[in-house]
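What follows is the content of upload39.cif, which has mmCIF, C-alpha atoms:
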```cif
data_model
loop_
_atom_site.label_atom_id
_atom_site.label_comp_id
_atom_site.auth_asym_id
_atom_site.auth_seq_id
_atom_site.Cartn_x
_atom_site.Cartn_y
_atom_site.Cartn_z
CA MET A 1 -8.91 -15.63 -167.00
CA GLU A 2 -7.21 -18.16 -169.20
CA ILE A 3 -4.53 -20.81 -169.37
CA ILE A 4 -1.72 -19.93 -171.76
CA VAL A 5 0.31 -22.73 -173.35
CA ASN A 6 3.95 -21.67 -173.57
CA LEU A 7 4.98 -24.72 -175.51
CA ASP A 8 6.54 -22.77 -178.37
CA VAL A 9 8.72 -20.85 -175.88
CA MET A 10 9.97 -24.07 -174.30
CA MET A 11 10.54 -25.63 -177.71
CA ALA A 12 12.59 -22.62 -178.75
CA LYS A 13 14.62 -22.82 -175.54
CA ARG A 14 15.34 -26.52 -176.11
CA LYS A 15 15.85 -25.95 -179.86
CA ILE A 16 13.51 -28.75 -180.86
CA SER A 17 11.25 -28.81 -183.90
CA SER A 18 7.53 -29.64 -183.86
CA THR A 19 8.05 -32.76 -185.95
CA GLU A 20 10.76 -34.10 -183.65
CA LEU A 21 8.82 -33.35 -180.49
CA SER A 22 5.63 -34.90 -181.83
CA GLU A 23 7.56 -38.06 -182.74
CA ARG A 24 9.21 -38.21 -179.32
CA ILE A 25 6.00 -37.83 -177.32
CA GLY A 26 3.90 -39.93 -179.67
CA ILE A 27 1.26 -37.48 -180.85
CA THR A 28 0.54 -36.24 -184.34
CA PRO A 29 2.03 -32.95 -185.56
CA ALA A 30 -1.56 -31.71 -186.04
CA ASN A 31 -2.34 -32.32 -182.37
CA LEU A 32 0.89 -30.68 -181.31
CA SER A 33 -0.07 -27.68 -183.42
CA ILE A 34 -3.47 -27.55 -181.63
CA LEU A 35 -1.57 -27.47 -178.34
CA LYS A 36 0.89 -24.81 -179.51
CA THR A 37 -1.79 -22.50 -180.88
CA GLY A 38 -3.82 -22.73 -177.67
CA LYS A 39 -6.84 -24.28 -179.40
CA ALA A 40 -6.78 -27.34 -177.15
CA LYS A 41 -9.59 -27.59 -174.59
CA ALA A 42 -7.79 -30.06 -172.35
CA ILE A 43 -4.48 -31.85 -171.99
CA ARG A 44 -4.01 -35.39 -170.72
CA PHE A 45 -1.64 -36.01 -167.82
CA SER A 46 0.17 -38.56 -170.02
CA THR A 47 0.77 -35.92 -172.73
CA LEU A 48 1.89 -33.35 -170.17
CA MET A 49 4.21 -35.89 -168.59
CA ALA A 50 5.73 -36.77 -171.99
CA LEU A 51 6.19 -33.08 -172.80
CA CYS A 52 7.90 -32.41 -169.46
CA ARG A 53 10.11 -35.46 -169.96
CA GLU A 54 11.22 -34.50 -173.47
CA LEU A 55 11.58 -30.78 -172.79
CA ASP A 56 13.14 -31.40 -169.38
CA CYS A 57 10.85 -28.94 -167.64
CA GLN A 58 7.99 -28.63 -165.14
CA PRO A 59 4.26 -28.36 -166.06
CA GLY A 60 4.37 -24.75 -164.91
CA ASP A 61 6.94 -23.98 -167.59
CA ILE A 62 4.46 -25.06 -170.25
CA LEU A 63 1.17 -23.88 -168.75
CA GLU A 64 0.56 -20.42 -167.35
CA TYR A 65 -2.52 -18.96 -165.66
CA ARG A 66 -3.40 -15.37 -166.57
CA GLU A 67 -6.08 -13.12 -165.07
CA MET B 1 -29.43 -65.05 -187.55
CA ASN B 2 -26.48 -62.71 -187.91
CA TRP B 3 -28.04 -59.33 -187.16
CA ASN B 4 -25.94 -56.18 -187.08
CA LYS B 5 -26.39 -52.41 -187.09
CA ASP B 6 -25.97 -52.18 -190.87
CA LYS B 7 -28.95 -54.47 -191.39
CA SER B 8 -31.05 -52.31 -189.04
CA ILE B 9 -30.17 -49.25 -191.10
CA ILE B 10 -30.90 -51.03 -194.39
CA LEU B 11 -34.25 -52.19 -192.98
CA THR B 12 -35.05 -48.64 -191.87
CA GLN B 13 -34.12 -47.28 -195.29
CA ALA B 14 -36.30 -49.94 -196.93
CA CYS B 15 -39.18 -48.84 -194.68
CA LEU B 16 -38.55 -45.22 -195.67
CA ILE B 17 -38.78 -46.17 -199.35
CA VAL B 18 -42.05 -48.04 -198.70
CA PHE B 19 -43.42 -45.01 -196.79
CA ALA B 20 -42.33 -42.71 -199.62
CA VAL B 21 -44.13 -44.88 -202.20
CA CYS B 22 -47.27 -44.93 -200.00
CA LEU B 23 -47.07 -41.17 -199.54
CA LEU B 24 -46.66 -40.64 -203.29
CA ALA B 25 -49.68 -42.87 -203.92
CA LEU B 26 -51.65 -40.90 -201.33
CA ASP B 27 -50.61 -37.61 -202.92
CA VAL B 28 -51.71 -38.82 -206.35
CA GLY B 29 -54.96 -40.28 -205.05
CA MET B 30 -55.69 -37.57 -202.48
CA TYR B 31 -58.72 -36.31 -204.41
CA TRP B 32 -60.43 -39.70 -204.47
CA VAL B 33 -59.49 -40.52 -200.87
CA ALA B 34 -60.84 -37.15 -199.70
CA ARG B 35 -64.03 -37.55 -201.76
CA TRP B 36 -64.66 -41.06 -200.44
CA THR B 37 -63.92 -40.00 -196.85
CA SER B 38 -66.12 -36.90 -197.05
CA GLU B 39 -68.97 -39.00 -198.43
CA THR B 40 -68.74 -41.65 -195.72
CA ARG B 41 -67.91 -39.41 -192.74
CA VAL B 42 -68.97 -36.01 -191.42
CA ILE B 43 -65.97 -34.04 -192.68
CA HIS B 44 -65.64 -31.42 -195.37
CA PHE B 45 -63.93 -32.39 -198.64
CA ALA B 46 -61.91 -29.15 -198.90
CA LEU B 47 -60.65 -29.49 -195.32
CA LEU B 48 -59.42 -33.00 -196.08
CA MET B 49 -57.67 -31.88 -199.25
CA VAL B 50 -55.93 -28.92 -197.62
CA SER B 51 -54.93 -30.81 -194.48
CA GLY B 52 -53.91 -33.88 -196.50
CA TYR B 53 -51.54 -31.96 -198.75
CA GLY B 54 -50.33 -29.82 -195.85
CA ILE B 55 -49.37 -32.90 -193.84
CA SER B 56 -47.91 -34.46 -196.98
CA VAL B 57 -45.42 -31.59 -197.37
CA PHE B 58 -44.21 -32.15 -193.81
CA ALA B 59 -44.14 -35.91 -194.35
CA TRP B 60 -41.89 -35.54 -197.41
CA ILE B 61 -39.49 -33.33 -195.47
CA VAL B 62 -39.44 -35.83 -192.59
CA LEU B 63 -38.79 -38.76 -194.95
CA TRP B 64 -36.01 -36.91 -196.73
CA ARG B 65 -34.39 -35.85 -193.44
CA LEU B 66 -34.66 -39.39 -192.05
CA TRP B 67 -33.11 -40.76 -195.23
CA ARG B 68 -30.13 -38.39 -194.93
CA PHE B 69 -29.89 -39.16 -191.20
CA MET B 70 -29.76 -42.91 -191.87
CA ALA B 71 -27.25 -42.43 -194.71
CA ASN B 72 -24.97 -40.49 -192.35
CA ILE B 73 -25.22 -43.18 -189.67
CA LYS B 74 -24.45 -45.81 -192.29
CA ARG B 75 -21.28 -43.92 -193.27
CA GLY B 76 -20.26 -43.76 -189.60
CA VAL B 77 -20.86 -40.01 -189.45
CA ILE B 78 -22.99 -39.89 -186.31
CA PHE B 79 -22.31 -37.09 -183.85
CA THR B 80 -22.32 -34.13 -186.21
CA LYS B 81 -24.19 -30.84 -186.35
CA GLU B 82 -25.88 -31.98 -189.56
CA ASN B 83 -27.44 -34.96 -187.78
CA TYR B 84 -28.88 -33.03 -184.88
CA MET B 85 -30.19 -30.45 -187.34
CA HIS B 86 -32.02 -33.32 -189.09
CA CYS B 87 -33.65 -34.18 -185.74
CA PHE B 88 -34.45 -30.50 -185.19
CA HIS B 89 -36.19 -30.16 -188.56
CA ILE B 90 -38.04 -33.46 -188.15
CA SER B 91 -39.27 -32.24 -184.77
CA TRP B 92 -40.59 -28.99 -186.24
CA CYS B 93 -42.23 -30.84 -189.15
CA MET B 94 -44.03 -33.01 -186.61
CA VAL B 95 -45.14 -29.87 -184.78
CA GLY B 96 -46.49 -28.52 -188.10
CA ALA B 97 -48.35 -31.76 -188.76
CA ALA B 98 -49.68 -31.73 -185.19
CA ILE B 99 -51.07 -28.21 -185.65
CA ILE B 100 -52.85 -29.20 -188.87
CA CYS B 101 -54.24 -32.32 -187.17
CA PHE B 102 -55.41 -30.26 -184.21
CA VAL B 103 -57.30 -27.82 -186.47
CA CYS B 104 -58.88 -30.76 -188.32
CA GLY B 105 -59.64 -32.38 -184.99
CA LEU B 106 -61.89 -29.46 -184.13
CA PHE B 107 -64.11 -30.54 -187.04
CA TYR B 108 -63.52 -34.28 -187.03
CA PHE B 109 -62.60 -35.86 -183.70
CA PRO B 110 -60.36 -38.79 -184.88
CA PHE B 111 -57.78 -36.26 -186.13
CA LEU B 112 -57.04 -35.50 -182.48
CA VAL B 113 -55.47 -38.97 -182.22
CA LEU B 114 -53.08 -38.01 -185.04
CA PHE B 115 -52.48 -34.70 -183.27
CA ALA B 116 -51.46 -36.52 -180.08
CA ALA B 117 -49.26 -38.98 -181.98
CA SER B 118 -47.43 -36.37 -184.02
CA GLY B 119 -47.06 -34.12 -180.98
CA PHE B 120 -45.53 -36.99 -179.04
CA VAL B 121 -43.08 -37.79 -181.86
CA ALA B 122 -42.19 -34.07 -182.06
CA ILE B 123 -41.30 -34.03 -178.37
CA MET B 124 -39.32 -37.28 -178.65
CA MET B 125 -37.38 -35.95 -181.65
CA ARG B 126 -36.61 -32.79 -179.69
CA VAL B 127 -35.19 -34.94 -176.88
CA VAL B 128 -33.12 -36.96 -179.39
CA LYS B 129 -31.91 -33.69 -180.94
CA ASN B 130 -30.81 -32.41 -177.52
CA VAL B 131 -28.96 -35.66 -176.83
CA PHE B 132 -27.19 -35.49 -180.21
CA GLN B 133 -26.33 -31.83 -179.68
CA GLN B 134 -24.78 -32.63 -176.30
CA ALA B 135 -22.87 -35.55 -177.83
CA VAL B 136 -21.52 -33.28 -180.58
CA GLU B 137 -20.29 -30.81 -177.95
CA MET B 138 -18.68 -33.63 -175.93
CA ARG B 139 -17.03 -35.02 -179.04
CA SER B 140 -15.68 -31.60 -179.96
CA GLU B 141 -14.19 -31.33 -176.48
CA LEU B 142 -12.74 -34.83 -176.75
CA ASP B 143 -11.24 -34.05 -180.16
CA LEU B 144 -9.48 -31.04 -178.65
CA THR B 145 -8.13 -33.02 -175.71
CA ILE B 146 -4.50 -33.73 -176.52
#
```

Would you mind writing the structure in this file as structure tokens?
Amino acid sequence: MEIIVNLDVMMAKRKISSTELSERIGITPANLSILKTGKAKAIRFSTLMALCRELDCQPGDILEYRE
Amino acid sequence: MNWNKDKSIILTQACLIVFAVCLLALDVGMYWVARWTSETRVIHFALLMVSGYGISVFAWIVLWRLWRFMANIKRGVIFTKENYMHCFHISWCMVGAAIICFVCGLFYFPFLVLFAASGFVAIMMRVVKNVFQQAVEMRSELDLTI
């Protein structure tokens, strides 16, 4: 059981680079990389909200639960 | 008086230097101290020498670990694995000293007081180590919260 972060998929769909997205949501590129690689242990609602706003998607498009 | 955490650390480090000088003096003069003690009290000279130097080894390790611990805190490096490993080693050194004191206490009762004191410090350091370890884990989790 795990939560998969599909951020790279959404970024590819929206054709947005890591640098641009990190600037838009106000986190460092290093932290965005932690999110993209699935190394993050938790995500703040504020970060998730900013991601959804900038990528024009729902939380479920970014996070996925797998058995 | 303008007291802050840096001054507390400097004071602790100064105390560590004083303790180190005292320990060095004791190491150098161990023979005479042991001879004088064995002449005035019912305790064997060889036992005092062996236990004295045995405890001294642990004391040096404890002083060195405490020095490094304080230096890390001074630099603002607090909740790290290195720091809780310092506490871990200090705790085991105190256990070692407590064992030596207990053995000596079987021959000379007052050593049992040192046994109790070092045993208590060992337990306290173990508690501090556990707290630091938990803090390190919490910090790691916080660092990976985006």

key: Closest of B:Ile78, B:Val42, B:Met70, B:Cys93 to Ser56 (chain B) - atom-to-atom distances counting only C-alpha atoms   = B:Cys93

request  = With the file shown as input, list the residues that the PyMOL selection byres ((chain B) within 12 of (chain A)) selects, as number ranges by chain.
outcome  = B: 137-146

ask   = Can you find the residues with an atom no farther than 7 Å from (-28.3, -38.3, -188.0), counting only C-alpha atoms, and report them as a PyMOL selection string?
value = chain B and resi 69-70+72-73+78+82-84+86

Please dump the current selection as an mmCIF file, in the frame of the given file; keep C-alpha atoms.
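Okay, this is what ended up in part-v4.cif:
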```cif
data_model
loop_
_atom_site.group_PDB
_atom_site.id
_atom_site.type_symbol
_atom_site.label_atom_id
_atom_site.label_comp_id
_atom_site.auth_asym_id
_atom_site.auth_seq_id
_atom_site.Cartn_x
_atom_site.Cartn_y
_atom_site.Cartn_z
ATOM 1 C CA PHE B 69 -29.890 -39.160 -191.200
ATOM 2 C CA MET B 70 -29.760 -42.910 -191.870
ATOM 3 C CA ASN B 72 -24.970 -40.490 -192.350
ATOM 4 C CA ILE B 73 -25.220 -43.180 -189.670
ATOM 5 C CA ILE B 78 -22.990 -39.890 -186.310
ATOM 6 C CA GLU B 82 -25.880 -31.980 -189.560
ATOM 7 C CA ASN B 83 -27.440 -34.960 -187.780
ATOM 8 C CA TYR B 84 -28.880 -33.030 -184.880
ATOM 9 C CA HIS B 86 -32.020 -33.320 -189.090
#
```

query = Between CA of Arg66 (chain A) and CA of Thr19 (chain A), what is the distance, to one decimal in Å?
reply = 28.4 Å

ask   = Taking only C-alpha atoms into account, which of B:Ile43, B:Ala34, B:Cys22, B:Leu16 comes nearest Trp64 (chain B)?
value = B:Leu16

request  = For CA of Ala135 (chain B) and CA of Ile4 (chain A), quote the distance in Å rounded to one decimal.
outcome  =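 Here the two named atoms are 27.0 Å from each other.
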
query = Which is closest to Met49 (chain B) among B:Lys5, B:Cys104, B:Ile17, B:Val62, if we use all atoms listed in the file?
reply =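 Checking each candidate against Met49 (chain B), we get B:Cys104 as the closest.
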
The PyMOL selection byres ((chain B and resi 91) around 10) applied to the shown file, residues as number ranges by chain = B: 62, 85-90, 92-97, 118-129

task = Please identify all polymer residues within 12 Å of Leu23 (chain B), counting all atoms listed in the file, omitting same-chain residues fewer than 2 positions from it, and present them as number ranges by chain.
result = B: 16-21, 25-30, 52-53, 55-63

ask   = Can you list, as a list of chain:residue names, every protein, DNA or RNA residue that comes within 9 Å of Glu67 (chain A) when you count all atoms listed in the file, leaving out same-chain residues fewer than 6 positions away?
value =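 Counting only the stated atoms, we get A:Met1, A:Glu2, A:Ile3.
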
request  = I would like the residues chosen by the PyMOL selection byres ((chain A and resi 18) around 12) on the shown file; could you give them as a PyMOL selection string?
outcome  = chain A and resi 7-12+14-17+19-36+51+55

The centre and edge lengths of an axis-aligned box containing all atoms of region 14-27 of chain A present in the file, extended by 8 Å on each side, are to be given in Å to one decimal, as lines of an AutoDock Vina configuration file.
```
center_x = 8.6
center_y = -32.9
center_z = -181.0
size_x = 30.6
size_y = 30.0
size_z = 25.8
```

inquiry  = What's the separation between CA of Cys57 (chain A) and CA of Gly38 (chain A), in Å to one decimal place?
reply    =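 Between CA of Cys57 (chain A) and CA of Gly38 (chain A) the gap is 18.8 Å.
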
key: Nearest candidate to His44 (chain B) (options B:Val113, B:Phe107, B:Ile9, B:Val136; using all atoms listed in the file)   =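 Closest candidate: B:Phe107.
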
query = Looking at B:Ser51, B:Trp32, B:Lys81, B:Arg75, which one is nearest to Phe102 (chain B), with distances taken over only C-alpha atoms?
reply = B:Ser51
